[in-house]
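Each remark here refers to the structure printed beneath this line.
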Amino acid sequence: MQISGQMRDFVVRFAGEGGQGVVTSAEGLAQASTQVGYHALTFATFPSQILGGPTWTQARIAVDPVLSPGDDVDVLVAFNQEAYDTHAEEVRGNGVIIFNANEFELEGDERGFGLPFDELARSTGNNRAANMVIIGALAYLVDMPQSYLEEFVTKRFSRGRVGDDEIIRSNIQALSLGREHMSASGFSLGALESPQMPDYPQLMLKGNESLSLGALAGGLEFYVGYPISPATTILVYMERNLVGRNKFAYQVSSEIESITTILGAGFAGKKAMTATAGPGFSLMGEGLGLGWIAEIPLVVVDVQRGGPATGLPTKTEQSDLMACMFPAHGDVRMPVIAVGSVEECFYGAIKALDWAERYQGPVVLMTEMSLAERAQNIRKPDLSKVEPESRLVYRGNNGYKRYAGWERSPMPLPGNPGAYVANGSEHDDIGDTTHLPSRHVQMTERRFGKLKLLEETEYERDRAEESVVVMPWGGSKGPGLEAYNLLKERGVPVGWFYTMFLNPLPPALLEELRKKELVIVPELNFQGQFASILRSQGIRAEAITQYTGLPFKVRDLVDQITEMTQSVKKEMAGV
Amino acid sequence: MSKKNPEYDFKWCPGCGDFGVRRALEFAMIDRLETTGEPMENNVVVAGIGCSGNLVHLLEGPQPYGFHGIHGRSLPISLGVKMARPELNVVVVAGDGDFLSIGGEHIGPQAARNLNVCAVVMDNGVYGLTKGQSSPTTKIGEITSSTPYGKLESEIDPLELYLTFGVSFIASGFSGQPRPLAKLITQGMEHPGFSIVHVQSPCTTYNDTFDALKGNARKGIDPTLFTVPDDHDASDRASAYGLLQQPGIPVGVVYQDNGRPSLDQQVELMWERTTERTVQSLMDAFEF
Ligand SMILES: Cc1ncc(C[n+]2csc(CCOP(=O)(O)OP(=O)(O)O)c2C)c(N)n1
Ligand code: SF4
Ligand SMILES: [Mg+2]
């Protein structure tokens, strides 16, 4: 396929068997591209079995920051026949399929080109250079200069070890071989525009890594968890890195232990957190209610996956919002922050810990599989600008009334004067159980009143004067924003709002939204959970739903938003 | 604190065994204050839900910190308190239903961790607060409000269970003897690891076992309780099993293993195998 012209991005899917180099090829391409100033997003799937088994990773390389994994696959790299059979359909009509000619033969698909990955790698004297053969071939397809790749290889393998030079030589040779073979094929996708090197330092990391770093930057001192996909990587990261005096990271024996353990730690004065996914979150309901009534600061991260019960453990969905906001019986409304990008994972975690201290209670931080496992380049956060909030601590004498009044009050810490009973039963001002109606009224109003402390002022808005606006939440922000940008280019009269603060919503945002004819909410669940919560707050909101276990495609959002906008406009015009 | 608090509206029934346990805990905490010089606020009492858990509100004199949480979860709450602040003295108070039924899943893990807290379990063989249903220690065949035709399953032996789980300090006590019980609680608090003081604390309303425990010569009832013999070797596991095979319920220290580091000690040992990381260095690792 010979296509000329300028491209601003391209999407490659690497598919094969676990251990064949699927992930290292995708990561190598992303690293090589970002090092010269491109933006990259890679998204890995979990194989359905522990060792080997079919797996795939998608990489999107672009001149601009990447918002979504990409609707269409431009190039498929098929490591085996099964990979071809499974993924060929998703490659666009004039795309390219590079298949491992050492593994299988492909006939009757004019997009196919056989590249003997392993054989070419072997000919360089370095059996492990197959991924460089592939990257060289891909670079040719999009007209990426060889110098970029050589720079990357040189940097990566200059580790000050004996043999570095030989490894660099063989890898560069592999790049060249891939490029030469591809050029002989006659295939080309066009020319990727030159990158613009950002003028700030960058990180390349996954959502869960970003969230973990954010939590540490926010002053996290105490973490426990129980393994569950896709939250396990946070537990593993914390156990490795949250070490040292006065810090604690530990695997407990269930999610009931997770929540109750951080309740104890929060009570004792620590910034404490756990992370889980749906099944574990369900087990935490009673404990979250306890944190709410006893007024204990803590953070629970819900890395959403699909479906109820065990559901779809390795797929993405945004179907836990109702559960996160209302996880417990008895008049409870949890503060909820939902992050929408790898970068927001960092800042959202800091904010969640701040909120917990600020209002003295549990905060739910929502993320999802598609963010957790996505690696992306982001601007490196400046830690000198991060100022975590600390606890309002009681420093007086004994005889203090911890729960007196209608507002948040300083919290005594065990070991110091001010002893009280943190109580999960309704209580009086010193924490003794009581059933007096006046106390239940006071304490209920006190608990809800504290939510006011969490009212933020900043949120995203663009063309805010439009009467129809789109406002996704969480991980649907990326495809939502990409769709919005296209709609704006096309002149579709629609505005943009976004916040990661789902409860409470920034009051100014709430006020703006109440004036809109229609707020369109793309979200990955059947019921339109966020739209429904917005409606309960007097907003005319309607959801665009999807429940495939996969993220939205930008194209689908563009179509549906256009259609919904037009029908509102027609109605308004009285047609 | 609640004696003088008119708003507090829970009262134990007259004669309830838990009065004696409260008294014993007060003695033990005052003793601790006097021997260590640490203020009362260094004690945290984590309570389960049940008549027994209300002990946390009924303590008199200088007040410790308290956490009265949810049914069955006092152990993991105490795990959080202890590992957050290992210097605190953490005591759990819970009923037999709370500790052994809904909360049973937490005993094994704390035993394995050798979590340095002292759990005082008030065993009355019944669910008191919910008005007389059967509990794990209710005997098979017994009639309770939830077993109108007799309890279908066997009772468990908590002391044997603790021993099997590897709890490193196990004592058995009686609420009718607050002073000796206080001594057991003190030993439990001083033990550097997971300690359980399992107390026979009769429910006078739904399962009055005072006579059966103490015996009543007038009624011709032999006591079930017997004092752990002086020559019992509590450091020996086999002897402890042997003691528990004897008819009746021993009063005293059943088992004590001082050789295992507690979880907080293990964490300190781990620090020697790790290097502290700054957030900046962790972040720099992702820079390209
Ligand atoms: C999750 C949950 N389930 C049930 C209850 C109701 N409940 C309260 S106390 C209790 C049992 C109390 O028995 P025990 O622990 O032996 O304490 P006791 O009252 O005998 O001292 C139950 C079932 C509850 N509070 N929470
Ligand atoms: S019901 Fe039983 S356990 Fe509860 S207070 Fe009364 S006597 Fe004590
Ligand atoms: Mg009981």
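Labeling convention for the structure tokens: chains A, B, ... as they appear, residues from 1 per chain, ligands from 1 in order of appearance.
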All residues within 7 Å of ligand 1 are required, counting only C-alpha atoms and all ligand atoms; please report them as a ChimeraX atom specification. /B:49-53,70-71,94-99,122-130,135
Save the residues we just selected, N, CA and C atoms, as a PDB file, in the first residue's frame?
ATOM      1  N   ILE B  49     -18.501  -5.428  68.713  1.00  0.00           N
ATOM      2  CA  ILE B  49     -19.911  -5.105  68.935  1.00  0.00           C
ATOM      3  C   ILE B  49     -20.576  -6.271  69.653  1.00  0.00           C
ATOM      4  N   GLY B  50     -21.241  -5.949  70.731  1.00  0.00           N
ATOM      5  CA  GLY B  50     -21.878  -6.934  71.597  1.00  0.00           C
ATOM      6  C   GLY B  50     -22.037  -6.261  72.945  1.00  0.00           C
ATOM      7  N   CYS B  51     -22.686  -6.925  73.888  1.00  0.00           N
ATOM      8  CA  CYS B  51     -22.736  -6.361  75.241  1.00  0.00           C
ATOM      9  C   CYS B  51     -21.309  -6.100  75.699  1.00  0.00           C
ATOM     10  N   SER B  52     -20.446  -7.086  75.437  1.00  0.00           N
ATOM     11  CA  SER B  52     -19.063  -7.036  75.875  1.00  0.00           C
ATOM     12  C   SER B  52     -18.324  -5.794  75.373  1.00  0.00           C
ATOM     13  N   GLY B  53     -18.508  -5.447  74.122  1.00  0.00           N
ATOM     14  CA  GLY B  53     -17.777  -4.330  73.539  1.00  0.00           C
ATOM     15  C   GLY B  53     -18.089  -3.013  74.230  1.00  0.00           C
ATOM     16  N   ILE B  70     -17.035  -1.985  64.314  1.00  0.00           N
ATOM     17  CA  ILE B  70     -18.110  -2.778  63.732  1.00  0.00           C
ATOM     18  C   ILE B  70     -17.928  -4.226  64.171  1.00  0.00           C
ATOM     19  N   HIS B  71     -18.982  -4.982  64.023  1.00  0.00           N
ATOM     20  CA  HIS B  71     -19.033  -6.346  64.542  1.00  0.00           C
ATOM     21  C   HIS B  71     -17.978  -7.241  63.893  1.00  0.00           C
ATOM     22  N   ALA B  94     -13.789  -8.113  73.167  1.00  0.00           N
ATOM     23  CA  ALA B  94     -14.807  -8.611  72.251  1.00  0.00           C
ATOM     24  C   ALA B  94     -15.539  -9.804  72.856  1.00  0.00           C
ATOM     25  N   GLY B  95     -16.714 -10.086  72.308  1.00  0.00           N
ATOM     26  CA  GLY B  95     -17.497 -11.228  72.759  1.00  0.00           C
ATOM     27  C   GLY B  95     -17.146 -12.486  71.976  1.00  0.00           C
ATOM     28  N   ASP B  96     -17.720 -13.606  72.408  1.00  0.00           N
ATOM     29  CA  ASP B  96     -17.431 -14.877  71.735  1.00  0.00           C
ATOM     30  C   ASP B  96     -17.992 -14.889  70.313  1.00  0.00           C
ATOM     31  N   GLY B  97     -19.151 -14.270  70.104  1.00  0.00           N
ATOM     32  CA  GLY B  97     -19.706 -14.215  68.746  1.00  0.00           C
ATOM     33  C   GLY B  97     -18.861 -13.331  67.866  1.00  0.00           C
ATOM     34  N   ASP B  98     -18.540 -12.169  68.392  1.00  0.00           N
ATOM     35  CA  ASP B  98     -17.746 -11.193  67.655  1.00  0.00           C
ATOM     36  C   ASP B  98     -16.390 -11.764  67.266  1.00  0.00           C
ATOM     37  N   PHE B  99     -15.717 -12.380  68.234  1.00  0.00           N
ATOM     38  CA  PHE B  99     -14.339 -12.804  68.045  1.00  0.00           C
ATOM     39  C   PHE B  99     -14.221 -14.114  67.286  1.00  0.00           C
ATOM     40  N   MET B 122     -14.630 -12.031  75.986  1.00  0.00           N
ATOM     41  CA  MET B 122     -15.644 -12.315  76.999  1.00  0.00           C
ATOM     42  C   MET B 122     -16.592 -13.379  76.474  1.00  0.00           C
ATOM     43  N   ASP B 123     -16.365 -14.592  76.931  1.00  0.00           N
ATOM     44  CA  ASP B 123     -17.129 -15.737  76.433  1.00  0.00           C
ATOM     45  C   ASP B 123     -18.302 -16.009  77.377  1.00  0.00           C
ATOM     46  N   ASN B 124     -19.518 -15.798  76.860  1.00  0.00           N
ATOM     47  CA  ASN B 124     -20.705 -16.131  77.659  1.00  0.00           C
ATOM     48  C   ASN B 124     -21.529 -17.209  76.962  1.00  0.00           C
ATOM     49  N   GLY B 125     -20.967 -17.771  75.902  1.00  0.00           N
ATOM     50  CA  GLY B 125     -21.630 -18.876  75.221  1.00  0.00           C
ATOM     51  C   GLY B 125     -22.951 -18.488  74.579  1.00  0.00           C
ATOM     52  N   VAL B 126     -23.096 -17.221  74.285  1.00  0.00           N
ATOM     53  CA  VAL B 126     -24.370 -16.777  73.728  1.00  0.00           C
ATOM     54  C   VAL B 126     -24.184 -15.405  73.079  1.00  0.00           C
ATOM     55  N   TYR B 127     -25.117 -15.049  72.189  1.00  0.00           N
ATOM     56  CA  TYR B 127     -25.150 -13.672  71.682  1.00  0.00           C
ATOM     57  C   TYR B 127     -26.011 -12.881  72.650  1.00  0.00           C
ATOM     58  N   GLY B 128     -25.376 -12.059  73.483  1.00  0.00           N
ATOM     59  CA  GLY B 128     -26.124 -11.316  74.484  1.00  0.00           C
ATOM     60  C   GLY B 128     -26.911 -10.160  73.885  1.00  0.00           C
ATOM     61  N   LEU B 129     -26.198  -9.328  73.156  1.00  0.00           N
ATOM     62  CA  LEU B 129     -26.807  -8.078  72.700  1.00  0.00           C
ATOM     63  C   LEU B 129     -28.021  -8.301  71.793  1.00  0.00           C
ATOM     64  N   THR B 130     -27.970  -9.364  71.004  1.00  0.00           N
ATOM     65  CA  THR B 130     -29.102  -9.628  70.111  1.00  0.00           C
ATOM     66  C   THR B 130     -30.127 -10.550  70.774  1.00  0.00           C
ATOM     67  N   SER B 135     -24.078 -19.177  69.996  1.00  0.00           N
ATOM     68  CA  SER B 135     -22.766 -18.682  69.563  1.00  0.00           C
ATOM     69  C   SER B 135     -21.863 -19.890  69.325  1.00  0.00           C
TER      70      SER B 135
END
Pick out the chain B residues within 8 Å of chain A. Count only C-alpha atoms. Give them as an mmCIF file with C-alpha atoms, in the first residue's frame.
data_model
loop_
_atom_site.group_PDB
_atom_site.id
_atom_site.type_symbol
_atom_site.label_atom_id
_atom_site.label_comp_id
_atom_site.auth_asym_id
_atom_site.auth_seq_id
_atom_site.Cartn_x
_atom_site.Cartn_y
_atom_site.Cartn_z
ATOM 1 C CA SER B 2 -20.185 6.844 81.109
ATOM 2 C CA GLU B 7 -26.758 10.451 77.482
ATOM 3 C CA TYR B 8 -25.116 7.064 77.408
ATOM 4 C CA ASP B 9 -27.976 4.641 77.261
ATOM 5 C CA PHE B 10 -26.523 1.177 77.509
ATOM 6 C CA PRO B 39 0.069 8.044 80.713
ATOM 7 C CA GLU B 41 -3.619 7.860 76.868
ATOM 8 C CA ASN B 42 -0.946 5.431 75.676
ATOM 9 C CA ASN B 43 -3.560 2.684 75.906
ATOM 10 C CA VAL B 44 -6.016 2.084 73.084
ATOM 11 C CA VAL B 56 -15.002 0.588 76.269
ATOM 12 C CA HIS B 57 -17.595 3.165 77.364
ATOM 13 C CA GLN B 63 -9.560 7.234 80.298
ATOM 14 C CA PRO B 64 -7.668 5.385 77.584
ATOM 15 C CA TYR B 65 -8.381 5.990 73.906
ATOM 16 C CA GLY B 66 -11.129 3.817 72.477
ATOM 17 C CA PHE B 67 -12.287 2.597 69.087
ATOM 18 C CA HIS B 68 -15.733 1.063 69.038
ATOM 19 C CA GLY B 69 -16.047 -0.130 65.480
ATOM 20 C CA ILE B 70 -18.110 -2.778 63.732
ATOM 21 C CA ARG B 73 -13.422 -6.443 63.105
ATOM 22 C CA PRO B 76 -7.797 -5.839 62.088
ATOM 23 C CA ILE B 77 -8.586 -2.385 63.521
ATOM 24 C CA SER B 78 -6.047 -3.133 66.234
ATOM 25 C CA LEU B 79 -3.589 -4.226 63.527
ATOM 26 C CA GLY B 80 -3.884 -0.755 62.014
ATOM 27 C CA VAL B 81 -3.450 1.027 65.339
ATOM 28 C CA LYS B 82 -0.495 -1.090 66.412
ATOM 29 C CA MET B 83 1.409 -0.975 63.141
ATOM 30 C CA ALA B 84 0.787 2.759 62.832
ATOM 31 C CA ARG B 85 2.047 3.419 66.353
ATOM 32 C CA LEU B 88 1.020 2.232 72.030
ATOM 33 C CA HIS B 106 -8.924 -12.641 61.682
ATOM 34 C CA PRO B 109 -3.602 -14.112 60.471
ATOM 35 C CA GLU B 268 12.182 -3.168 62.265
ATOM 36 C CA TRP B 271 14.394 -1.936 57.714
ATOM 37 C CA THR B 274 15.938 -2.035 52.849
ATOM 38 C CA THR B 275 17.015 1.442 51.939
ATOM 39 C CA GLU B 276 14.638 4.303 52.450
ATOM 40 C CA ARG B 277 13.570 5.898 49.187
ATOM 41 C CA VAL B 279 9.691 10.355 46.485
ATOM 42 C CA GLN B 280 12.028 12.331 44.249
ATOM 43 C CA LEU B 282 11.292 7.118 42.923
ATOM 44 C CA MET B 283 9.980 9.627 40.429
ATOM 45 C CA ASP B 284 13.348 10.137 38.768
ATOM 46 C CA PHE B 286 10.580 7.050 35.435
ATOM 47 C CA GLU B 287 12.256 9.987 33.740
ATOM 48 C CA PHE B 288 13.534 9.505 30.210
#
Residues of chain B that have any atom at most 7 Å from an atom of ligand 2: could you tabulate them with the shortest-distance atom pair and the distance in Å to one decimal, using only C-alpha atoms and all ligand atoms, ordered by chain and increasing number, as a tab-separated table?
residue	atom	partner	partner_atom_place_in_ligand_line	distance
B:Lys11	CA	ligand 2	5 (S)	6.8
B:Trp12	CA	ligand 2	5 (S)	3.6
B:Cys13	CA	ligand 2	6 (Fe)	4.1
B:Pro14	CA	ligand 2	7 (S)	6.9
B:Gly15	CA	ligand 2	7 (S)	6.7
B:Cys16	CA	ligand 2	7 (S)	4.1
B:Gly17	CA	ligand 2	8 (Fe)	6.3
B:Asp18	CA	ligand 2	8 (Fe)	6.3
B:Cys51	CA	ligand 2	4 (Fe)	4.6
B:Ser52	CA	ligand 2	3 (S)	6.6
B:Asn124	CA	ligand 2	3 (S)	6.8
B:Gly128	CA	ligand 2	1 (S)	4.2
B:Leu129	CA	ligand 2	4 (Fe)	5.3
B:Lys131	CA	ligand 2	1 (S)	6.4
B:Pro202	CA	ligand 2	3 (S)	6.9
B:Cys203	CA	ligand 2	2 (Fe)	3.6
B:Thr204	CA	ligand 2	7 (S)	4.3
B:Thr205	CA	ligand 2	7 (S)	4.7
B:Tyr206	CA	ligand 2	2 (Fe)	5.7
Based on DSSP run over this structure's backbone, return all residues of range 295-337 of chain A in alpha helix (DSSP H), as a ChimeraX atom specification. /A:321-325
Take the residues just selected and output them with all heavy atoms as a tab-separated table (two decimals), in the first residue's frame.
chain	number	residue	atom	x	y	z
A	321	LEU	N	-19.53	3.69	40.01
A	321	LEU	CA	-19.71	5.04	40.57
A	321	LEU	C	-20.74	5.08	41.70
A	321	LEU	O	-20.52	5.66	42.75
A	321	LEU	CB	-20.08	6.03	39.47
A	321	LEU	CG	-20.28	7.47	39.94
A	321	LEU	CD1	-19.05	8.01	40.66
A	321	LEU	CD2	-20.66	8.38	38.78
A	322	MET	N	-21.89	4.45	41.44
A	322	MET	CA	-22.93	4.43	42.48
A	322	MET	C	-22.40	3.76	43.75
A	322	MET	O	-22.61	4.24	44.86
A	322	MET	CB	-24.17	3.68	42.00
A	322	MET	CG	-24.95	4.41	40.93
A	322	MET	SD	-25.75	5.86	41.59
A	322	MET	CE	-26.80	6.32	40.21
A	323	ALA	N	-21.71	2.63	43.55
A	323	ALA	CA	-21.16	1.90	44.70
A	323	ALA	C	-20.13	2.74	45.44
A	323	ALA	O	-20.05	2.68	46.67
A	323	ALA	CB	-20.55	0.58	44.24
A	324	CYS	N	-19.35	3.53	44.72
A	324	CYS	CA	-18.31	4.32	45.37
A	324	CYS	C	-18.90	5.51	46.12
A	324	CYS	O	-18.41	5.88	47.18
A	324	CYS	CB	-17.30	4.82	44.33
A	324	CYS	SG	-16.23	3.51	43.74
A	325	MET	N	-19.93	6.09	45.56
A	325	MET	CA	-20.53	7.25	46.21
A	325	MET	C	-21.44	6.82	47.36
A	325	MET	O	-21.56	7.52	48.36
A	325	MET	CB	-21.34	8.02	45.17
A	325	MET	CG	-21.26	9.49	45.36
A	325	MET	SD	-21.58	10.29	43.80
A	325	MET	CE	-22.69	11.55	44.34
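The protein and nucleic acid residues lying at most 12 Å from Gly150 in chain B are Gln133, Ser134, Thr138, Lys139, Ile140, Gly141, Glu142, Ile143, Thr144, Ser145, Ser146, Thr147, Pro148, Leu152, Glu153 and Ser154 of chain B, with only C-alpha atoms considered and sequence neighbours fewer than 2 positions away removed.
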Fewer than 4 positions away in the same chain doesn't count, so skip those; otherwise give me all residues within 12 Å of Pro229 in chain B, counting only C-alpha atoms, as a list in words.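 Residues near the query, excluding close chain neighbours: Asp233, Ala234, Ser239, Ala240, Leu243, Gln246, Pro250, Val251, Gly252, Val253 and Val254 of chain B.
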Any idea what's packed within 10 Å of range 176-190 of chain B, counting only C-alpha atoms, ignoring anything in its chain fewer than 2 positions away? Could you give it as number ranges by chain? B: 16-29, 31-32, 89-91, 116-120, 168-174, 192-202, 210, 213-214, 251-253, 256
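If only C-alpha atoms and all ligand atoms are the atoms counted, then among B:Thr278, B:Thr137, B:Gln245, B:Thr227 the closest residue to ligand 3 is B:Thr137.
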Between CA of Ser262 in chain B and CA of Arg113 in chain B, what is the distance, to one decimal in Å?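 A separation of 6.7 Å between them.
Atom pair CA of Arg374 in chain A / CA of Thr42 in chain A: separated by 5.7 Å.
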Calculate how many Å separate CA of Gly278 in chain A from CA of Thr314 in chain A, rounding to one decimal.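 Between these atoms lies a distance of 11.8 Å.
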DSSP on the backbone: which residues in range 85-280 of chain B end up as strand (DSSP E or B)? Give the answer as number ranges by chain. B: 89-95, 118-123, 127, 133, 144, 147, 169-174, 195-200, 203, 207, 216, 221, 225-227, 249-256
So which residues touch Ser183 in chain A within 10 Å, counting only C-alpha atoms, skipping near sequence neighbours fewer than 5 positions away, as a count of residues only? 6
Counting only C-alpha atoms, what is within 9 Å of Pro62 in chain B, bar same-chain residues fewer than 3 positions away, as a CSV table (one decimal) with all heavy atoms, in the first residue's frame?
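out-v7.csv written:
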chain,number,residue,atom,x,y,z
B,1,MET,N,-16.2,6.2,81.7
B,1,MET,CA,-16.6,7.6,81.6
B,1,MET,C,-18.1,7.8,81.6
B,1,MET,O,-18.6,8.9,81.8
B,1,MET,CB,-15.9,8.2,80.3
B,1,MET,CG,-16.6,7.9,79.0
B,1,MET,SD,-15.8,8.7,77.6
B,1,MET,CE,-14.2,8.0,77.5
B,30,ILE,N,-4.3,0.4,85.2
B,30,ILE,CA,-3.7,1.3,86.3
B,30,ILE,C,-2.3,0.7,86.7
B,30,ILE,O,-1.4,1.5,86.9
B,30,ILE,CB,-4.7,1.3,87.5
B,30,ILE,CG1,-5.9,2.1,87.2
B,30,ILE,CG2,-3.9,2.0,88.7
B,30,ILE,CD1,-5.8,3.6,87.1
B,40,MET,N,-2.2,7.2,80.8
B,40,MET,CA,-3.3,6.3,80.4
B,40,MET,C,-3.6,6.5,78.9
B,40,MET,O,-4.0,5.5,78.2
B,40,MET,CB,-4.5,6.7,81.2
B,40,MET,CG,-5.7,5.8,81.0
B,40,MET,SD,-5.3,4.0,81.3
B,40,MET,CE,-5.6,3.8,83.0
B,41,GLU,N,-3.3,7.6,78.3
B,41,GLU,CA,-3.6,7.9,76.9
B,41,GLU,C,-2.7,7.0,75.9
B,41,GLU,O,-2.9,7.0,74.7
B,41,GLU,CB,-3.4,9.3,76.5
B,41,GLU,CG,-4.4,10.3,77.2
B,41,GLU,CD,-3.8,10.8,78.5
B,41,GLU,OE1,-2.6,11.1,78.6
B,41,GLU,OE2,-4.6,10.7,79.5
B,59,LEU,N,-15.6,2.1,81.3
B,59,LEU,CA,-14.3,2.2,82.1
B,59,LEU,C,-14.4,3.4,83.0
B,59,LEU,O,-14.8,4.5,82.5
B,59,LEU,CB,-13.1,2.2,81.2
B,59,LEU,CG,-12.8,0.9,80.4
B,59,LEU,CD1,-11.8,1.2,79.3
B,59,LEU,CD2,-12.2,-0.1,81.4
